[in-house]
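One file, coords-v1.cif, is given below (mmCIF, C-alpha atoms and all ligand atoms).
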```cif
data_query
#
loop_
_atom_site.label_atom_id
_atom_site.label_comp_id
_atom_site.auth_asym_id
_atom_site.auth_seq_id
_atom_site.Cartn_x
_atom_site.Cartn_y
_atom_site.Cartn_z
CA MET F 1 -9.57 -36.98 56.61
CA ILE F 2 -9.35 -33.35 57.74
CA LYS F 3 -6.91 -31.23 55.73
CA PHE F 4 -5.16 -28.84 58.11
CA TYR F 5 -3.53 -25.77 56.54
CA TYR F 6 -0.81 -24.88 58.97
CA HIS F 7 2.13 -22.62 59.71
CA PRO F 8 4.09 -22.86 63.00
CA SER F 9 2.63 -19.67 64.46
CA PRO F 10 0.14 -18.81 67.23
CA ASN F 11 -3.25 -19.16 65.52
CA PRO F 12 -2.57 -22.49 63.73
CA LEU F 13 -1.10 -23.92 66.94
CA LYS F 14 -4.48 -23.65 68.70
CA VAL F 15 -5.99 -25.88 66.04
CA ALA F 16 -3.03 -28.27 66.14
CA LEU F 17 -3.61 -28.63 69.89
CA PHE F 18 -7.29 -29.50 69.42
CA LEU F 19 -6.59 -32.03 66.66
CA GLU F 20 -3.95 -33.68 68.83
CA GLU F 21 -6.09 -33.61 71.99
CA ALA F 22 -9.06 -35.15 70.20
CA GLU F 23 -6.80 -37.60 68.33
CA LEU F 24 -8.48 -36.71 65.06
CA PRO F 25 -6.68 -37.97 61.95
CA TYR F 26 -5.53 -35.10 59.75
CA GLU F 27 -3.31 -34.27 56.83
CA LEU F 28 -0.81 -31.53 57.67
CA ILE F 29 -0.38 -29.02 54.83
CA LEU F 30 2.22 -26.28 55.23
CA VAL F 31 1.30 -22.82 54.00
CA ASP F 32 4.69 -21.13 54.01
CA THR F 33 3.62 -17.55 54.72
CA ARG F 34 7.15 -16.10 54.46
CA LYS F 35 7.21 -17.46 50.90
CA GLY F 36 3.79 -15.88 50.21
CA GLU F 37 1.92 -19.18 49.81
CA GLN F 38 -1.08 -17.70 51.69
CA HIS F 39 -1.77 -15.61 48.58
CA ASP F 40 -1.89 -18.58 46.18
CA PRO F 41 -5.34 -18.74 44.57
CA ALA F 42 -5.65 -22.41 45.59
CA PHE F 43 -5.35 -21.32 49.22
CA THR F 44 -7.46 -18.14 49.06
CA ALA F 45 -10.24 -20.31 47.63
CA ILE F 46 -10.18 -21.98 51.07
CA ASN F 47 -9.46 -18.90 53.17
CA PRO F 48 -10.25 -15.65 51.36
CA ASN F 49 -8.47 -13.84 54.21
CA ALA F 50 -5.13 -15.38 53.08
CA LYS F 51 -4.02 -16.42 56.57
CA THR F 52 -3.38 -19.64 58.46
CA PRO F 53 -5.02 -21.75 59.83
CA ALA F 54 -7.85 -23.24 57.79
CA ILE F 55 -9.32 -26.72 57.60
CA VAL F 56 -11.27 -28.67 55.00
CA ASP F 57 -13.41 -31.40 56.52
CA GLY F 58 -15.45 -33.12 53.81
CA ASP F 59 -17.67 -30.37 52.41
CA ALA F 60 -16.98 -28.04 55.34
CA VAL F 61 -14.39 -25.32 54.84
CA VAL F 62 -13.52 -23.42 58.03
CA PHE F 63 -11.07 -20.56 58.50
CA ASP F 64 -10.14 -18.38 61.48
CA SER F 65 -8.63 -20.27 64.39
CA ASN F 66 -11.37 -19.63 66.92
CA ALA F 67 -14.10 -20.58 64.45
CA ILE F 68 -12.22 -23.81 63.76
CA LEU F 69 -11.97 -24.59 67.48
CA LEU F 70 -15.70 -24.02 67.92
CA TYR F 71 -16.48 -26.13 64.84
CA LEU F 72 -14.29 -29.03 65.99
CA ALA F 73 -15.55 -28.92 69.58
CA GLU F 74 -19.18 -28.96 68.44
CA LYS F 75 -18.55 -31.61 65.79
CA THR F 76 -16.76 -34.01 68.13
CA GLY F 77 -18.55 -33.07 71.35
CA LYS F 78 -15.09 -32.98 72.95
CA PHE F 79 -13.55 -30.26 75.12
CA LEU F 80 -16.90 -28.47 75.34
CA PRO F 81 -18.15 -27.03 78.62
CA ASP F 82 -21.47 -28.28 80.00
CA GLN F 83 -24.24 -26.95 77.79
CA THR F 84 -25.93 -24.62 80.28
CA ASP F 85 -26.89 -21.05 79.36
CA ALA F 86 -24.39 -19.73 81.89
CA LEU F 87 -21.46 -21.70 80.49
CA ARG F 88 -22.44 -21.13 76.84
CA GLY F 89 -22.52 -17.41 77.57
CA ALA F 90 -19.08 -17.56 79.17
CA THR F 91 -17.73 -19.70 76.32
CA TYR F 92 -18.77 -17.30 73.57
CA SER F 93 -17.64 -14.26 75.56
CA TRP F 94 -14.13 -15.53 76.29
CA LEU F 95 -13.70 -17.07 72.85
CA MET F 96 -14.53 -13.75 71.18
CA PHE F 97 -12.37 -11.88 73.68
CA VAL F 98 -9.40 -14.01 72.62
CA ALA F 99 -10.32 -13.68 68.93
CA SER F 100 -10.90 -9.93 68.86
CA GLY F 101 -8.61 -8.77 71.67
CA ILE F 102 -5.74 -11.05 72.63
CA GLY F 103 -4.73 -12.08 69.10
CA PRO F 104 -5.06 -8.79 67.23
CA TYR F 105 -3.58 -6.52 69.92
CA THR F 106 -0.70 -8.86 70.69
CA GLY F 107 -0.05 -9.39 66.97
CA GLN F 108 -0.04 -5.66 66.25
CA TYR F 109 2.21 -4.99 69.25
CA VAL F 110 4.73 -7.52 67.89
CA HIS F 111 4.42 -5.95 64.47
CA PHE F 112 5.04 -2.37 65.57
CA LYS F 113 7.84 -3.29 67.97
CA ASN F 114 9.75 -5.46 65.51
CA PHE F 115 8.82 -4.59 61.96
CA ALA F 116 7.30 -1.11 61.57
CA PRO F 117 9.38 1.81 60.31
CA GLU F 118 9.93 4.90 62.49
CA PRO F 119 8.27 6.99 63.79
CA LYS F 120 6.31 4.44 65.78
CA GLU F 121 6.16 5.76 69.34
CA TYR F 122 2.41 6.42 69.19
CA ALA F 123 1.61 2.95 67.78
CA ILE F 124 3.91 1.15 70.20
CA ASN F 125 2.43 2.98 73.16
CA ARG F 126 -1.11 2.11 72.05
CA TYR F 127 -0.48 -1.57 71.37
CA ASP F 128 1.78 -2.09 74.39
CA PHE F 129 -1.00 -0.65 76.56
CA GLU F 130 -3.80 -2.62 74.88
CA ALA F 131 -1.92 -5.93 74.67
CA TRP F 132 -1.10 -5.78 78.38
CA ARG F 133 -4.63 -4.66 79.25
CA HIS F 134 -6.06 -7.75 77.55
CA TRP F 135 -3.55 -10.18 79.09
CA ASN F 136 -4.14 -8.66 82.55
CA ILE F 137 -7.87 -9.30 82.15
CA LEU F 138 -7.12 -12.98 81.43
CA ASP F 139 -4.74 -13.14 84.39
CA ALA F 140 -7.40 -11.71 86.71
CA HIS F 141 -9.97 -14.18 85.34
CA LEU F 142 -7.60 -17.10 85.91
CA ALA F 143 -6.96 -15.91 89.47
CA LYS F 144 -10.59 -16.86 90.17
CA GLN F 145 -10.76 -20.18 88.37
CA ARG F 146 -8.45 -22.92 87.13
CA TYR F 147 -9.79 -22.96 83.56
CA MET F 148 -11.29 -20.34 81.27
CA VAL F 149 -14.86 -21.68 81.37
CA GLY F 150 -16.48 -23.82 84.05
CA ASP F 151 -14.36 -26.27 85.98
CA ARG F 152 -12.67 -28.26 83.25
CA TYR F 153 -10.25 -27.93 80.34
CA THR F 154 -12.08 -26.83 77.17
CA PHE F 155 -11.33 -25.55 73.70
CA VAL F 156 -11.35 -21.99 75.09
CA ASP F 157 -8.23 -22.86 77.11
CA MET F 158 -6.66 -24.05 73.85
CA ALA F 159 -7.46 -20.68 72.24
CA VAL F 160 -5.57 -18.94 75.06
CA TRP F 161 -2.60 -21.34 74.87
CA GLY F 162 -1.96 -20.51 71.19
CA TRP F 163 -0.91 -16.96 72.03
CA ALA F 164 0.35 -17.57 75.59
CA ARG F 165 3.18 -19.65 74.06
CA VAL F 166 4.71 -16.48 72.62
CA ILE F 167 4.32 -14.21 75.68
CA PRO F 168 8.08 -13.83 76.40
CA PHE F 169 8.74 -12.94 72.74
CA ALA F 170 5.69 -10.68 72.46
CA LEU F 171 5.64 -8.93 75.85
CA GLY F 172 9.23 -9.37 77.00
CA ALA F 173 11.33 -11.82 79.03
CA GLU F 174 9.96 -10.53 82.35
CA ALA F 175 6.31 -10.79 81.34
CA TRP F 176 5.55 -14.11 83.02
CA SER F 177 6.43 -12.72 86.45
CA LYS F 178 3.62 -10.16 86.00
CA LEU F 179 1.03 -12.73 84.88
CA PRO F 180 1.26 -15.47 87.53
CA ASN F 181 -2.23 -16.96 87.06
CA LEU F 182 -1.90 -17.10 83.32
CA LYS F 183 1.55 -18.67 83.77
CA ARG F 184 0.06 -21.42 85.92
CA HIS F 185 -2.64 -22.03 83.29
CA PHE F 186 -0.10 -22.00 80.45
CA GLU F 187 2.30 -24.38 82.18
CA GLU F 188 -0.45 -26.89 82.90
CA ILE F 189 -1.57 -26.97 79.25
CA ASN F 190 1.93 -26.79 77.85
CA ALA F 191 2.89 -29.97 79.72
CA ARG F 192 0.08 -32.00 78.14
CA PRO F 193 1.28 -34.63 75.65
CA ALA F 194 -0.99 -33.14 72.97
CA ALA F 195 0.67 -29.72 73.39
CA LEU F 196 4.11 -31.30 72.99
CA ARG F 197 2.92 -33.06 69.82
CA ALA F 198 1.39 -29.83 68.48
CA GLU F 199 4.67 -27.95 69.06
CA ALA F 200 6.65 -30.77 67.43
CA LEU F 201 4.74 -30.55 64.14
CA LYS F 202 7.23 -27.97 62.88
CA THR F 203 10.04 -30.52 63.05
CA ARG F 204 8.30 -32.56 60.35
CA LEU F 205 8.46 -29.75 57.79
CA THR F 206 10.92 -27.38 56.22
CA PHE F 207 9.74 -23.79 56.10
CA LYS F 208 11.27 -20.40 55.50
CA THR F 209 12.61 -18.66 58.60
CA GLU F 210 14.34 -15.61 57.08
CA MET F 211 12.48 -12.34 57.33
CA ASP F 212 13.95 -10.96 54.10
CA GLU F 213 12.46 -8.49 51.61
CA ASP F 214 10.36 -11.20 49.92
CA ALA F 215 8.95 -12.31 53.28
CA ARG F 216 8.08 -8.71 54.21
CA ARG F 217 6.34 -8.26 50.86
CA ALA F 218 4.29 -11.42 51.47
CA LEU F 219 3.39 -10.61 55.09
CA PHE F 220 2.93 -6.84 54.87
CA PRO F 221 1.54 -6.19 51.38
CA GLY F 222 0.30 -2.73 52.42
CA ASN F 223 3.91 -1.51 52.67
CA ALA F 224 4.07 -1.35 48.87
CA ARG F 225 1.91 1.79 49.05
CA LEU F 226 4.56 3.54 51.20
CA ALA F 227 7.28 2.97 48.60
CA ALA F 228 5.07 4.07 45.69
N1 LIG F 301 -8.07 -14.15 62.80
C1 LIG F 301 -7.21 -15.11 62.21
C2 LIG F 301 -5.80 -14.57 62.11
C3 LIG F 301 -4.90 -15.52 61.35
C4 LIG F 301 -3.46 -15.03 61.27
O1 LIG F 301 -3.16 -13.84 61.50
N2 LIG F 301 -2.58 -15.98 60.94
C5 LIG F 301 -1.19 -15.68 60.79
C6 LIG F 301 -0.36 -16.76 61.51
S1 LIG F 301 -0.64 -16.65 63.28
C7 LIG F 301 -0.83 -15.72 59.30
O2 LIG F 301 -1.18 -16.64 58.60
N3 LIG F 301 -0.13 -14.68 58.84
C8 LIG F 301 0.27 -14.56 57.47
C9 LIG F 301 -0.10 -13.22 56.88
O3 LIG F 301 -0.60 -12.34 57.61
O4 LIG F 301 0.11 -13.04 55.68
C10 LIG F 301 -7.24 -16.43 63.02
O5 LIG F 301 -7.48 -16.36 64.23
O6 LIG F 301 -7.05 -17.49 62.42
#
```
Could you rewrite the structure in this file as structure tokens?
Ligand SMILES: N[C@@H](CCC(=O)N[C@@H](CS)C(=O)NCC(=O)O)C(=O)O
Amino acid sequence: MIKFYYHPSPNPLKVALFLEEAELPYELILVDTRKGEQHDPAFTAINPNAKTPAIVDGDAVVFDSNAILLYLAEKTGKFLPDQTDALRGATYSWLMFVASGIGPYTGQYVHFKNFAPEPKEYAINRYDFEAWRHWNILDAHLAKQRYMVGDRYTFVDMAVWGWARVIPFALGAEAWSKLPNLKRHFEEINARPAALRAEALKTRLTFKTEMDEDARRALFPGNARLAA
């Protein structure tokens, strides 16, 4: 059975959605990142990057959410686009766009807005601009087609959903009104039974919610250099 190393946050949720959509049996293993469990040697042996999600599937160890989606889609043959050159090209392009643009810029924007010490005007301006630039590109793409790749729901749509869930928190309460095509895409996926099951996973577990000093030390280890 697949071991799924999980925390209720955007990148693990993409994988939860795939596992639920494909009805793959899996063991849910909480990595409580606010308690620093991502740094435990037993976990970094699985993901040297010390972040969730990761999976262990027999002798396959896979980390990084978008790599896991690609692995699971290829392994099961489910939620893949048709295997034409044109659609494979689009799949890799949009998957990497989400992996290298949507996730990192949105994540850094959230970080600088909510957690970074002053002065932070320069960083906030940069990440606000870049996060919105990336989401606007997705919105324009989804104005032209219902799904990210081809004409059906694929694992690339799941990659987008993981971060789209947190748009009001990340970009502000009014953000959805500026991203109407993405909103339509999000609402369609979010209403799927598998998405509801993926969201509900957190109710099965108890995890730390306080962002106290210990949590900051675990999540932002580089800050120790500022205090030194
Ligand atoms: N590129 C990685 C990023 C993973 C990531 O940032 N995971 C977050 C949760 S969304 C995490 O585990 N954070 C804990 C930490 O940074 O210590 C992926 O897509 O899986």
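When CA of Met211 in chain F is paired with CA of Tyr122 in chain F, their separation reads 24.4 Å.
The residue that comes closest to ligand LIG 301 (chain F), out of F:Thr209, F:Thr33, F:Asn181, F:Thr154 and on the basis of only C-alpha atoms and all ligand atoms, is F:Thr33.
Between CA of Leu219 in chain F and CA of His111 in chain F there is a distance of 10.5 Å.
Across the structure, CA of Gly77 in chain F and CA of His141 in chain F are spaced 25.0 Å apart.
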Discussion item. How would you report the residues lying within 9 Å of ligand LIG 301 (chain F), as a PyMOL selection string, if you count all atoms listed in the file?
Written reply: chain F and resi 6-13+31-34+36-39+49-54+63-68+98-100+103-104+107+162-163+218-221
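Using only C-alpha atoms, the shortest contact distance between Val149 in chain F and any of F:Leu30, F:Leu80, F:Ala42, F:Leu19 is found at F:Leu80.
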Output range 5-16 of chain F as an mmCIF file, keeping the file's coordinate frame, making sure all heavy atoms are there.
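Dumped to selection_15.cif:
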```cif
data_model
loop_
_atom_site.group_PDB
_atom_site.id
_atom_site.type_symbol
_atom_site.label_atom_id
_atom_site.label_comp_id
_atom_site.auth_asym_id
_atom_site.auth_seq_id
_atom_site.Cartn_x
_atom_site.Cartn_y
_atom_site.Cartn_z
ATOM 1 N N TYR F 5 -4.447 -26.736 57.157
ATOM 2 C CA TYR F 5 -3.530 -25.770 56.540
ATOM 3 C C TYR F 5 -2.849 -25.007 57.672
ATOM 4 O O TYR F 5 -3.503 -24.262 58.421
ATOM 5 C CB TYR F 5 -4.307 -24.849 55.588
ATOM 6 C CG TYR F 5 -4.848 -25.621 54.413
ATOM 7 C CD1 TYR F 5 -6.086 -26.279 54.495
ATOM 8 C CD2 TYR F 5 -4.119 -25.751 53.244
ATOM 9 C CE1 TYR F 5 -6.577 -27.023 53.439
ATOM 10 C CE2 TYR F 5 -4.598 -26.499 52.176
ATOM 11 C CZ TYR F 5 -5.820 -27.127 52.276
ATOM 12 O OH TYR F 5 -6.297 -27.879 51.231
ATOM 13 N N TYR F 6 -1.560 -25.182 57.752
ATOM 14 C CA TYR F 6 -0.810 -24.880 58.970
ATOM 15 C C TYR F 6 0.436 -24.047 58.672
ATOM 16 O O TYR F 6 1.043 -24.147 57.601
ATOM 17 C CB TYR F 6 -0.423 -26.241 59.568
ATOM 18 C CG TYR F 6 0.787 -26.288 60.456
ATOM 19 C CD1 TYR F 6 0.673 -26.154 61.836
ATOM 20 C CD2 TYR F 6 2.063 -26.490 59.908
ATOM 21 C CE1 TYR F 6 1.804 -26.227 62.658
ATOM 22 C CE2 TYR F 6 3.182 -26.560 60.722
ATOM 23 C CZ TYR F 6 3.047 -26.418 62.093
ATOM 24 O OH TYR F 6 4.150 -26.485 62.898
ATOM 25 N N HIS F 7 0.795 -23.238 59.649
ATOM 26 C CA HIS F 7 2.130 -22.620 59.710
ATOM 27 C C HIS F 7 2.490 -22.615 61.202
ATOM 28 O O HIS F 7 1.585 -22.488 62.039
ATOM 29 C CB HIS F 7 2.100 -21.182 59.149
ATOM 30 C CG HIS F 7 3.448 -20.557 59.115
ATOM 31 N ND1 HIS F 7 3.948 -19.791 60.149
ATOM 32 C CD2 HIS F 7 4.425 -20.610 58.174
ATOM 33 C CE1 HIS F 7 5.177 -19.400 59.837
ATOM 34 N NE2 HIS F 7 5.488 -19.879 58.652
ATOM 35 N N PRO F 8 3.767 -22.778 61.566
ATOM 36 C CA PRO F 8 4.090 -22.860 63.000
ATOM 37 C C PRO F 8 4.015 -21.502 63.699
ATOM 38 O O PRO F 8 5.019 -20.967 64.153
ATOM 39 C CB PRO F 8 5.521 -23.427 63.010
ATOM 40 C CG PRO F 8 6.077 -23.044 61.696
ATOM 41 C CD PRO F 8 4.940 -23.002 60.722
ATOM 42 N N SER F 9 2.830 -20.969 63.812
ATOM 43 C CA SER F 9 2.630 -19.670 64.460
ATOM 44 C C SER F 9 1.362 -19.735 65.331
ATOM 45 O O SER F 9 0.648 -20.742 65.304
ATOM 46 C CB SER F 9 2.608 -18.538 63.416
ATOM 47 O OG SER F 9 1.978 -18.934 62.254
ATOM 48 N N PRO F 10 1.100 -18.687 66.128
ATOM 49 C CA PRO F 10 0.140 -18.810 67.230
ATOM 50 C C PRO F 10 -1.263 -19.308 66.858
ATOM 51 O O PRO F 10 -1.804 -20.187 67.537
ATOM 52 C CB PRO F 10 0.060 -17.389 67.787
ATOM 53 C CG PRO F 10 1.386 -16.784 67.459
ATOM 54 C CD PRO F 10 1.796 -17.377 66.145
ATOM 55 N N ASN F 11 -1.864 -18.761 65.805
ATOM 56 C CA ASN F 11 -3.250 -19.160 65.520
ATOM 57 C C ASN F 11 -3.366 -20.614 65.033
ATOM 58 O O ASN F 11 -4.230 -21.359 65.512
ATOM 59 C CB ASN F 11 -3.891 -18.156 64.556
ATOM 60 C CG ASN F 11 -4.093 -16.809 65.220
ATOM 61 O OD1 ASN F 11 -4.679 -16.726 66.297
ATOM 62 N ND2 ASN F 11 -3.572 -15.755 64.631
ATOM 63 N N PRO F 12 -2.501 -21.073 64.115
ATOM 64 C CA PRO F 12 -2.570 -22.490 63.730
ATOM 65 C C PRO F 12 -2.290 -23.448 64.892
ATOM 66 O O PRO F 12 -2.833 -24.557 64.934
ATOM 67 C CB PRO F 12 -1.480 -22.612 62.647
ATOM 68 C CG PRO F 12 -1.347 -21.240 62.091
ATOM 69 C CD PRO F 12 -1.597 -20.315 63.229
ATOM 70 N N LEU F 13 -1.446 -23.010 65.844
ATOM 71 C CA LEU F 13 -1.100 -23.920 66.940
ATOM 72 C C LEU F 13 -2.300 -24.269 67.817
ATOM 73 O O LEU F 13 -2.393 -25.370 68.362
ATOM 74 C CB LEU F 13 0.035 -23.311 67.769
ATOM 75 C CG LEU F 13 1.429 -23.857 67.439
ATOM 76 C CD1 LEU F 13 1.666 -25.256 67.977
ATOM 77 C CD2 LEU F 13 1.718 -23.865 65.945
ATOM 78 N N LYS F 14 -3.256 -23.337 67.928
ATOM 79 C CA LYS F 14 -4.480 -23.650 68.700
ATOM 80 C C LYS F 14 -5.199 -24.842 68.087
ATOM 81 O O LYS F 14 -5.696 -25.726 68.790
ATOM 82 C CB LYS F 14 -5.468 -22.471 68.652
ATOM 83 C CG LYS F 14 -4.973 -21.142 69.083
ATOM 84 C CD LYS F 14 -6.048 -20.095 68.706
ATOM 85 C CE LYS F 14 -5.584 -18.697 68.902
ATOM 86 N NZ LYS F 14 -6.548 -17.695 68.392
ATOM 87 N N VAL F 15 -5.272 -24.825 66.760
ATOM 88 C CA VAL F 15 -5.990 -25.880 66.040
ATOM 89 C C VAL F 15 -5.199 -27.186 66.130
ATOM 90 O O VAL F 15 -5.778 -28.267 66.325
ATOM 91 C CB VAL F 15 -6.218 -25.464 64.573
ATOM 92 C CG1 VAL F 15 -6.843 -26.585 63.771
ATOM 93 C CG2 VAL F 15 -7.090 -24.207 64.538
ATOM 94 N N ALA F 16 -3.868 -27.075 66.003
ATOM 95 C CA ALA F 16 -3.030 -28.270 66.140
ATOM 96 C C ALA F 16 -3.277 -28.918 67.502
ATOM 97 O O ALA F 16 -3.380 -30.151 67.611
ATOM 98 C CB ALA F 16 -1.559 -27.889 65.985
#
```
